[in-house]
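Source file coords_6.cif; content: mmCIF, C-alpha atoms and all ligand atoms.
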data_work
#
loop_
_atom_site.label_atom_id
_atom_site.label_comp_id
_atom_site.auth_asym_id
_atom_site.auth_seq_id
_atom_site.Cartn_x
_atom_site.Cartn_y
_atom_site.Cartn_z
CA MET A 1 138.00 115.32 157.88
CA ALA A 2 141.56 115.16 156.55
CA PRO A 3 143.44 112.04 157.71
CA ASP A 4 146.72 112.12 159.69
CA ARG A 5 148.08 109.21 157.70
CA ALA A 6 147.55 107.92 154.17
CA ILE A 7 148.87 105.09 152.01
CA VAL A 8 148.90 105.62 148.27
CA ILE A 9 149.57 103.25 145.38
CA SER A 10 151.07 104.99 142.36
CA PRO A 11 151.59 103.16 139.06
CA SER A 12 154.50 102.89 136.69
CA THR A 13 153.93 104.48 133.32
CA ILE A 14 155.29 104.48 129.81
CA ALA A 15 155.92 107.98 128.45
CA ASN A 16 156.20 109.22 124.86
CA VAL A 17 154.35 106.16 123.42
CA GLY A 18 156.07 106.60 120.07
CA PRO A 19 155.44 110.06 118.59
CA GLY A 20 154.36 111.92 121.77
CA PHE A 21 157.66 113.04 123.31
CA ASP A 22 156.91 114.82 126.61
CA VAL A 23 153.19 114.72 125.72
CA PHE A 24 151.81 111.14 125.76
CA GLY A 25 151.88 108.67 128.62
CA ILE A 26 150.03 105.54 129.66
CA ALA A 27 149.61 104.10 133.15
CA LEU A 28 150.49 100.44 133.70
CA ASN A 29 148.44 98.16 135.90
CA GLU A 30 151.70 97.05 137.54
CA PRO A 31 154.32 97.56 138.97
CA CYS A 32 153.43 100.32 141.45
CA ASP A 33 155.12 102.40 144.13
CA ARG A 34 153.59 102.45 147.60
CA ILE A 35 153.92 105.68 149.56
CA GLU A 36 152.90 106.13 153.16
CA VAL A 37 152.68 109.64 154.61
CA ARG A 38 152.07 110.88 158.14
CA ARG A 39 151.26 114.38 159.24
CA SER A 40 153.98 115.95 161.34
CA SER A 41 154.10 119.09 163.47
CA GLU A 42 157.59 119.77 162.04
CA PRO A 43 157.39 121.86 158.86
CA GLY A 44 158.67 120.41 155.58
CA VAL A 45 158.92 116.86 154.29
CA ARG A 46 161.13 114.13 155.75
CA VAL A 47 161.82 110.88 153.89
CA GLU A 48 162.07 108.21 156.60
CA SER A 49 162.83 105.20 154.43
CA ILE A 50 163.03 103.90 150.88
CA THR A 51 162.71 100.20 150.17
CA GLY A 52 162.05 98.07 147.10
CA ALA A 53 163.42 97.99 143.56
CA GLY A 54 166.58 100.05 143.11
CA SER A 55 166.02 101.83 146.42
CA PHE A 56 169.77 101.98 147.09
CA ALA A 57 170.00 104.50 144.22
CA VAL A 58 167.25 106.82 145.51
CA THR A 59 168.14 109.77 147.71
CA LEU A 60 166.55 110.43 151.10
CA SER A 61 167.24 114.16 150.69
CA SER A 62 164.02 116.14 150.96
CA THR A 63 165.27 118.65 148.38
CA ARG A 64 166.27 115.99 145.81
CA ASN A 65 163.89 113.07 146.37
CA THR A 66 161.16 113.31 143.72
CA ALA A 67 158.30 112.30 146.02
CA ALA A 68 159.44 114.69 148.74
CA VAL A 69 159.83 117.62 146.34
CA ALA A 70 156.37 116.98 144.85
CA ALA A 71 154.75 116.65 148.30
CA SER A 72 156.50 119.78 149.47
CA LYS A 73 155.13 121.71 146.45
CA VAL A 74 151.61 120.56 147.36
CA LEU A 75 152.04 121.64 150.99
CA GLY A 76 153.42 125.00 149.84
CA THR A 77 150.69 125.58 147.24
CA ALA A 78 147.99 124.85 149.83
CA LYS A 79 149.82 126.92 152.49
CA ALA A 80 149.71 123.97 154.88
CA ASP A 81 150.57 124.69 158.51
CA PHE A 82 152.11 121.24 159.02
CA GLY A 83 154.76 118.98 157.51
CA LEU A 84 154.86 115.28 156.77
CA SER A 85 157.09 112.24 156.91
CA MET A 86 157.04 109.58 154.20
CA ARG A 87 158.04 106.00 153.55
CA ILE A 88 158.51 104.93 149.97
CA ASP A 89 158.44 101.38 148.64
CA LYS A 90 159.61 101.30 145.01
CA GLY A 91 157.91 99.04 142.47
CA VAL A 92 160.35 99.65 139.65
CA ARG A 93 163.94 100.80 139.72
CA PRO A 94 165.07 104.28 138.62
CA ALA A 95 166.49 104.84 135.12
CA SER A 96 164.20 102.16 133.71
CA GLY A 97 162.04 104.08 131.23
CA MET A 98 158.99 102.98 133.19
CA GLY A 99 158.30 106.20 135.03
CA SER A 100 159.97 105.28 138.31
CA SER A 101 160.52 108.89 139.38
CA GLY A 102 157.12 109.87 137.94
CA ALA A 103 155.37 107.24 140.08
CA SER A 104 157.07 108.56 143.21
CA ALA A 105 156.44 112.20 142.33
CA ALA A 106 152.78 111.53 141.55
CA GLY A 107 152.33 109.43 144.71
CA GLY A 108 154.01 112.05 146.89
CA ALA A 109 151.81 114.83 145.50
CA TYR A 110 148.63 112.75 145.73
CA ALA A 111 149.36 111.61 149.31
CA ALA A 112 150.13 115.16 150.53
CA ASN A 113 146.87 116.36 148.98
CA LEU A 114 144.96 113.68 150.93
CA LEU A 115 146.39 114.97 154.23
CA LEU A 116 145.08 118.41 153.28
CA ASP A 117 141.57 117.14 152.41
CA GLU A 118 142.25 117.46 148.67
CA PRO A 119 142.31 121.20 147.95
CA LEU A 120 144.37 120.85 144.73
CA ASP A 121 142.86 119.70 141.43
CA MET A 122 144.45 117.20 139.05
CA ASN A 123 146.29 119.76 136.89
CA GLN A 124 147.75 121.38 140.02
CA LEU A 125 148.91 117.98 141.31
CA ILE A 126 150.53 117.17 137.96
CA CYS A 127 152.27 120.53 138.05
CA CYS A 128 153.57 119.86 141.60
CA ALA A 129 154.72 116.38 140.55
CA SER A 130 156.60 117.87 137.59
CA PHE A 131 158.82 119.72 140.07
CA GLY A 132 159.67 116.31 141.55
CA GLU A 133 160.63 115.13 138.07
CA GLU A 134 162.83 118.19 137.67
CA ALA A 135 164.67 117.32 140.89
CA SER A 136 165.57 113.94 139.46
CA SER A 137 166.14 114.59 135.74
CA GLY A 138 166.72 118.34 135.48
CA SER A 139 163.60 118.71 133.34
CA ARG A 140 160.00 119.43 134.28
CA HIS A 141 158.41 116.90 131.93
CA ALA A 142 155.05 115.60 133.18
CA ASP A 143 154.29 112.78 130.75
CA ASN A 144 154.93 110.11 133.42
CA ALA A 145 153.41 111.96 136.38
CA ALA A 146 150.19 112.75 134.47
CA PRO A 147 149.20 109.13 133.69
CA ALA A 148 150.45 108.04 137.14
CA LEU A 149 147.96 110.49 138.69
CA MET A 150 145.06 110.16 136.23
CA GLY A 151 145.42 106.60 134.93
CA GLY A 152 144.70 105.55 131.35
CA PHE A 153 146.29 107.42 128.45
CA THR A 154 147.10 111.08 128.95
CA ILE A 155 147.95 113.98 126.65
CA ILE A 156 149.66 117.10 127.96
CA ARG A 157 147.87 119.76 125.91
CA SER A 158 149.81 122.53 127.64
CA TYR A 159 152.56 122.87 130.25
CA GLU A 160 151.92 126.58 130.94
CA PRO A 161 149.29 126.44 132.26
CA MET A 162 149.24 122.71 132.96
CA ASP A 163 146.30 121.20 131.10
CA VAL A 164 146.08 117.44 130.72
CA VAL A 165 143.51 115.40 128.81
CA ARG A 166 142.78 111.79 129.81
CA VAL A 167 141.61 109.24 127.26
CA GLN A 168 140.32 105.78 128.12
CA PRO A 169 142.45 103.23 126.20
CA PRO A 170 140.79 100.17 124.60
CA LYS A 171 139.99 97.50 127.19
CA ASN A 172 141.78 94.83 125.15
CA LEU A 173 145.05 96.77 124.95
CA GLY A 174 147.74 94.53 126.44
CA ILE A 175 151.16 95.92 127.33
CA VAL A 176 154.47 94.15 127.81
CA ALA A 177 157.18 96.10 129.60
CA SER A 178 160.54 94.46 129.19
CA LEU A 179 163.43 95.79 131.25
CA PRO A 180 167.02 94.81 130.41
CA GLU A 181 169.42 95.20 133.30
CA PHE A 182 171.29 98.31 132.18
CA ALA A 183 170.28 101.82 133.30
CA VAL A 184 169.64 104.91 131.17
CA PRO A 185 169.34 108.04 133.35
CA THR A 186 166.71 110.38 131.86
CA ARG A 187 169.05 113.32 132.49
CA GLU A 188 171.59 111.77 130.09
CA ALA A 189 169.00 110.68 127.53
CA ARG A 190 167.58 114.20 127.33
CA LYS A 191 170.96 115.51 126.18
CA LYS A 192 170.37 113.54 122.95
CA VAL A 193 167.08 115.24 122.09
CA PRO A 194 167.57 117.27 118.88
CA GLN A 195 166.97 120.99 119.20
CA LYS A 196 166.26 121.52 115.50
CA VAL A 197 163.95 119.28 113.50
CA PRO A 198 163.29 119.17 109.75
CA MET A 199 159.73 120.14 108.80
CA ARG A 200 159.14 116.77 107.07
CA ASP A 201 159.81 115.01 110.41
CA VAL A 202 157.40 117.35 112.20
CA ILE A 203 154.73 116.47 109.62
CA THR A 204 155.34 112.73 110.06
CA GLN A 205 155.29 113.06 113.86
CA VAL A 206 152.09 115.12 113.99
CA GLY A 207 150.33 112.73 111.62
CA HIS A 208 151.26 109.72 113.74
CA ALA A 209 150.49 111.42 117.06
CA SER A 210 147.06 112.55 115.87
CA SER A 211 146.18 109.12 114.52
CA LEU A 212 147.34 107.46 117.72
CA VAL A 213 144.91 109.58 119.72
CA ALA A 214 142.14 108.75 117.22
CA GLY A 215 142.95 105.06 117.71
CA MET A 216 142.81 105.39 121.51
CA CYS A 217 139.45 107.18 121.31
CA SER A 218 137.90 104.69 118.91
CA GLY A 219 139.42 101.58 120.51
CA ASP A 220 141.30 100.66 117.32
CA ILE A 221 144.47 98.78 118.33
CA ASP A 222 145.58 98.41 114.70
CA LEU A 223 145.43 102.19 114.19
CA ILE A 224 147.22 102.80 117.49
CA SER A 225 149.91 100.35 116.49
CA ARG A 226 150.63 101.71 113.04
CA SER A 227 150.72 105.21 114.57
CA ILE A 228 153.53 104.28 116.97
CA ARG A 229 156.47 105.78 115.16
CA ASP A 230 158.91 108.38 116.43
CA VAL A 231 161.15 109.90 113.76
CA ILE A 232 162.61 112.59 116.04
CA VAL A 233 163.63 111.50 119.53
CA GLU A 234 163.92 107.69 119.55
CA PRO A 235 166.39 107.60 116.61
CA ALA A 236 168.56 110.22 118.36
CA ARG A 237 168.64 108.12 121.52
CA ALA A 238 169.20 104.78 119.82
CA PRO A 239 172.98 104.82 120.46
CA LEU A 240 172.21 104.71 124.22
CA ILE A 241 170.14 101.54 123.89
CA PRO A 242 172.09 98.52 122.65
CA PHE A 243 170.04 96.28 120.32
CA LEU A 244 167.00 98.62 120.31
CA LYS A 245 166.03 97.93 116.69
CA GLU A 246 166.56 94.16 117.00
CA ALA A 247 164.64 94.01 120.31
CA LYS A 248 161.66 95.79 118.78
CA GLU A 249 161.73 93.39 115.83
CA THR A 250 161.84 90.46 118.26
CA ALA A 251 158.69 91.73 120.00
CA LEU A 252 156.89 92.15 116.68
CA ARG A 253 157.87 88.64 115.55
CA ALA A 254 156.52 87.25 118.85
CA GLY A 255 153.09 88.78 118.20
CA ALA A 256 153.25 92.40 119.37
CA SER A 257 151.29 94.83 117.24
CA ALA A 258 153.72 97.66 118.11
CA SER A 259 157.01 97.97 119.96
CA PHE A 260 158.83 101.11 121.04
CA LEU A 261 161.28 102.57 123.51
CA GLY A 262 159.59 103.14 126.87
CA GLY A 263 160.21 106.76 127.93
CA SER A 264 163.93 107.42 127.73
CA GLY A 265 164.69 103.68 128.01
CA PRO A 266 165.95 101.09 128.36
CA CYS A 267 162.45 99.59 128.73
CA ILE A 268 161.26 98.01 125.51
CA ALA A 269 157.47 98.39 125.49
CA ALA A 270 155.10 96.38 123.34
CA PHE A 271 151.38 96.72 122.70
CA TYR A 272 149.26 93.72 121.78
CA ASP A 273 145.64 92.70 121.51
CA LEU A 274 144.64 90.76 124.65
CA ASP A 275 141.99 88.90 122.64
CA ARG A 276 144.38 87.73 119.92
CA THR A 277 147.87 87.37 121.36
CA ASP A 278 149.65 85.81 124.32
CA GLY A 279 151.66 88.61 125.94
CA LEU A 280 153.83 86.11 127.81
CA GLN A 281 155.28 84.92 124.49
CA ILE A 282 156.34 88.49 123.66
CA ALA A 283 157.87 88.99 127.10
CA GLN A 284 159.74 85.67 127.03
CA ALA A 285 161.03 86.29 123.50
CA LEU A 286 162.50 89.60 124.68
CA GLN A 287 163.95 87.99 127.79
CA VAL A 288 165.68 85.29 125.72
CA PHE A 289 166.85 87.96 123.25
CA PHE A 290 168.61 89.96 125.98
CA GLU A 291 169.91 86.91 127.86
CA GLU A 292 171.56 85.67 124.66
CA ARG A 293 173.39 89.00 124.62
CA GLY A 294 174.53 88.65 128.23
CA MET A 295 171.89 90.77 129.93
CA LYS A 296 169.30 89.77 132.49
CA CYS A 297 165.84 91.06 131.68
CA LEU A 298 162.78 91.56 133.89
CA TYR A 299 159.33 91.77 132.36
CA TRP A 300 155.74 92.64 133.18
CA VAL A 301 152.88 91.24 131.12
CA THR A 302 150.17 93.67 131.97
CA THR A 303 147.65 96.13 130.64
CA TRP A 304 146.91 99.81 131.18
CA GLY A 305 145.70 100.77 134.63
CA GLU A 306 144.23 103.36 136.91
CA GLY A 307 146.06 106.26 138.50
CA CYS A 308 147.06 106.99 142.11
CA ARG A 309 144.62 105.72 144.70
CA GLN A 310 144.44 105.51 148.46
CA VAL A 311 144.55 102.06 150.05
CA ARG A 312 143.39 101.25 153.56
CA GLU A 313 145.63 98.84 155.47
N1 LIG B 401 159.43 112.33 128.01
C1 LIG B 401 160.50 111.95 128.88
C2 LIG B 401 161.73 111.66 128.05
C3 LIG B 401 160.11 110.74 129.67
O1 LIG B 401 161.61 110.92 127.08
O2 LIG B 401 162.80 112.18 128.37
C4 LIG B 401 161.18 110.20 130.57
O3 LIG B 401 160.77 108.92 131.06
#
Could you write out this structure as structure tokens?
Amino acid sequence: MAPDRAIVISPSTIANVGPGFDVFGIALNEPCDRIEVRRSSEPGVRVESITGAGSFAVTLSSTRNTAAVAASKVLGTAKADFGLSMRIDKGVRPASGMGSSGASAAGGAYAANLLLDEPLDMNQLICCASFGEEASSGSRHADNAAPALMGGFTIIRSYEPMDVVRVQPPKNLGIVASLPEFAVPTREARKKVPQKVPMRDVITQVGHASSLVAGMCSGDIDLISRSIRDVIVEPARAPLIPFLKEAKETALRAGASASFLGGSGPCIAAFYDLDRTDGLQIAQALQVFFEERGMKCLYWVTTWGEGCRQVRE
């Protein structure tokens, strides 16, 4: 029987992962959003409260809040004869490059589906969550919502129709997410994306993207790492991210096997081999790097994780 109330944990994610703009994403083990929903006899979705990281910057409006829009799409798709209220506790602040809006959109969609006894499949949920992303960034990208829902590493094969492939990353893939204190709204960062691309850059990008997937499938962290190169979008966005090149070099010097811009930034993400490297050293090197330049910097030393799940409290 469908529950009247559900609590969902939805993870942060890193989108793009080098060459896979709007296509690749990976779920982090932490931080996570927590979303509590309750069935209501009133139609529609009502956001009761938002707490946690950066919550002051997140709207309660049911037509603009990413989780509410995603949940509302699920209710509409399933022709639900009820509404819901939700409480959101944010694990990571918006405009971080760590899939803050994607975590909320995915969690909202997943939680609404639980109240309906799960009529929608994963691709439908990702599609509903992408409308939540659109409410926040103006674009229906799903490369954060997909890994937040499915966990692991995800590839958006197609947006129309939505078709997402999940790949299990290597178990020894460590991830550092380093977050300097400035914000980069995705809406602004997307204005930098080039609309025309030279064929030689397309060839480089496709080669790297394909090899990255091969590395994920075969558990080859070295292949994954040398495939993390974006010659199209990251360079165009670099002016928005002070010290991007130097920060990535700092991570590599501290033992990371690859470092790249997380989503649209400003997160600096690093991959490393859990069996060979101490992720804390990478994270602390990045923290010192940004502090020396007058910026506070949060970090998470983590690994990839699972997607949305229900918790019983
Ligand atoms: N693919 C999206 C972008 C992710 O880079 O704009 C946003 O986090």
List as a list in words the protein and nucleic acid residues near Cys32 of chain A, meaning an atom at most 8 Å away when only C-alpha atoms are counted, but skip any in the same chain fewer than 6 places from it. Ile9, Ser10, Pro11, Ser12, Lys90, Gly91, Val92 and Ala103 of chain A
Write out as an MDAnalysis selection string which residues come within 12 Å of Thr51 of chain A when counting all atoms listed in the file, dropping same-chain ones fewer than 5 positions away. chainID A and resid 33:36 56:60 86:93
Around all the atoms of segment 207-211 of chain A listed in the file, with 5 Å of room on each side, what axis-aligned box do you get, giving centre and edge lengths in Å to one decimal, as AutoDock Vina command-line options?
--center_x 148.7 --center_y 110.9 --center_z 114.3 --size_x 15.1 --size_y 13.6 --size_z 15.4
Do you have the atom CA of Arg237 of chain A-atom CA of Ala95 of chain A distance handy?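 Atom-to-atom, atom CA of Arg237 of chain A to atom CA of Ala95 of chain A, that is 14.2 Å.
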Given all atoms listed in the file, how would the per-residue table for chain A near ligand LIG 401 (chain B) read, listing every residue at most 8 Å away with its closest atom pair and distance in Å to one decimal, sorted by chain and number, as JSON lines?
{"residue": "A:Ile14", "atom": "CA", "partner": "B:LIG401", "partner_atom": "O3", "distance": 7.2}
{"residue": "A:Ala15", "atom": "CA", "partner": "B:LIG401", "partner_atom": "C3", "distance": 5.2}
{"residue": "A:Asn16", "atom": "CA", "partner": "B:LIG401", "partner_atom": "N1", "distance": 5.5}
{"residue": "A:Phe21", "atom": "CA", "partner": "B:LIG401", "partner_atom": "N1", "distance": 5.1}
{"residue": "A:Asp22", "atom": "CA", "partner": "B:LIG401", "partner_atom": "N1", "distance": 3.8}
{"residue": "A:Val23", "atom": "CA", "partner": "B:LIG401", "partner_atom": "N1", "distance": 7.1}
{"residue": "A:Gly97", "atom": "CA", "partner": "B:LIG401", "partner_atom": "O3", "distance": 5.0}
{"residue": "A:Met98", "atom": "CA", "partner": "B:LIG401", "partner_atom": "O3", "distance": 6.6}
{"residue": "A:Gly99", "atom": "CA", "partner": "B:LIG401", "partner_atom": "O3", "distance": 5.4}
{"residue": "A:Gly102", "atom": "CA", "partner": "B:LIG401", "partner_atom": "O3", "distance": 7.8}
{"residue": "A:His141", "atom": "CA", "partner": "B:LIG401", "partner_atom": "N1", "distance": 6.1}
{"residue": "A:Ala142", "atom": "CA", "partner": "B:LIG401", "partner_atom": "N1", "distance": 7.5}
{"residue": "A:Asp143", "atom": "CA", "partner": "B:LIG401", "partner_atom": "N1", "distance": 5.8}
{"residue": "A:Asn144", "atom": "CA", "partner": "B:LIG401", "partner_atom": "O3", "distance": 6.4}
{"residue": "A:Thr186", "atom": "CA", "partner": "B:LIG401", "partner_atom": "O2", "distance": 5.5}
{"residue": "A:Arg187", "atom": "CA", "partner": "B:LIG401", "partner_atom": "O2", "distance": 7.6}
{"residue": "A:Ala189", "atom": "CA", "partner": "B:LIG401", "partner_atom": "O2", "distance": 6.4}
{"residue": "A:Arg190", "atom": "CA", "partner": "B:LIG401", "partner_atom": "O2", "distance": 5.3}
{"residue": "A:Val233", "atom": "CA", "partner": "B:LIG401", "partner_atom": "O1", "distance": 7.8}
{"residue": "A:Gly262", "atom": "CA", "partner": "B:LIG401", "partner_atom": "O3", "distance": 7.2}
{"residue": "A:Gly263", "atom": "CA", "partner": "B:LIG401", "partner_atom": "O3", "distance": 3.8}
{"residue": "A:Ser264", "atom": "CA", "partner": "B:LIG401", "partner_atom": "O1", "distance": 4.2}
{"residue": "A:Gly265", "atom": "CA", "partner": "B:LIG401", "partner_atom": "O3", "distance": 7.2}
Neighbour list for segment 166-178 of chain A as a ChimeraX atom specification, cut-off 9 Å, only C-alpha atoms, skip fewer than 3 positions in-chain: /A:14,26,28,98,146-147,150-156,213,215-221,256,262,266-275,277,279-280,282-283,286-287,297-304
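The nearest approach to Ala27 of chain A among the residues A:Ala251, A:Ala145, A:Leu125, A:Leu223, with all atoms listed in the file taken into account, belongs to A:Ala145.
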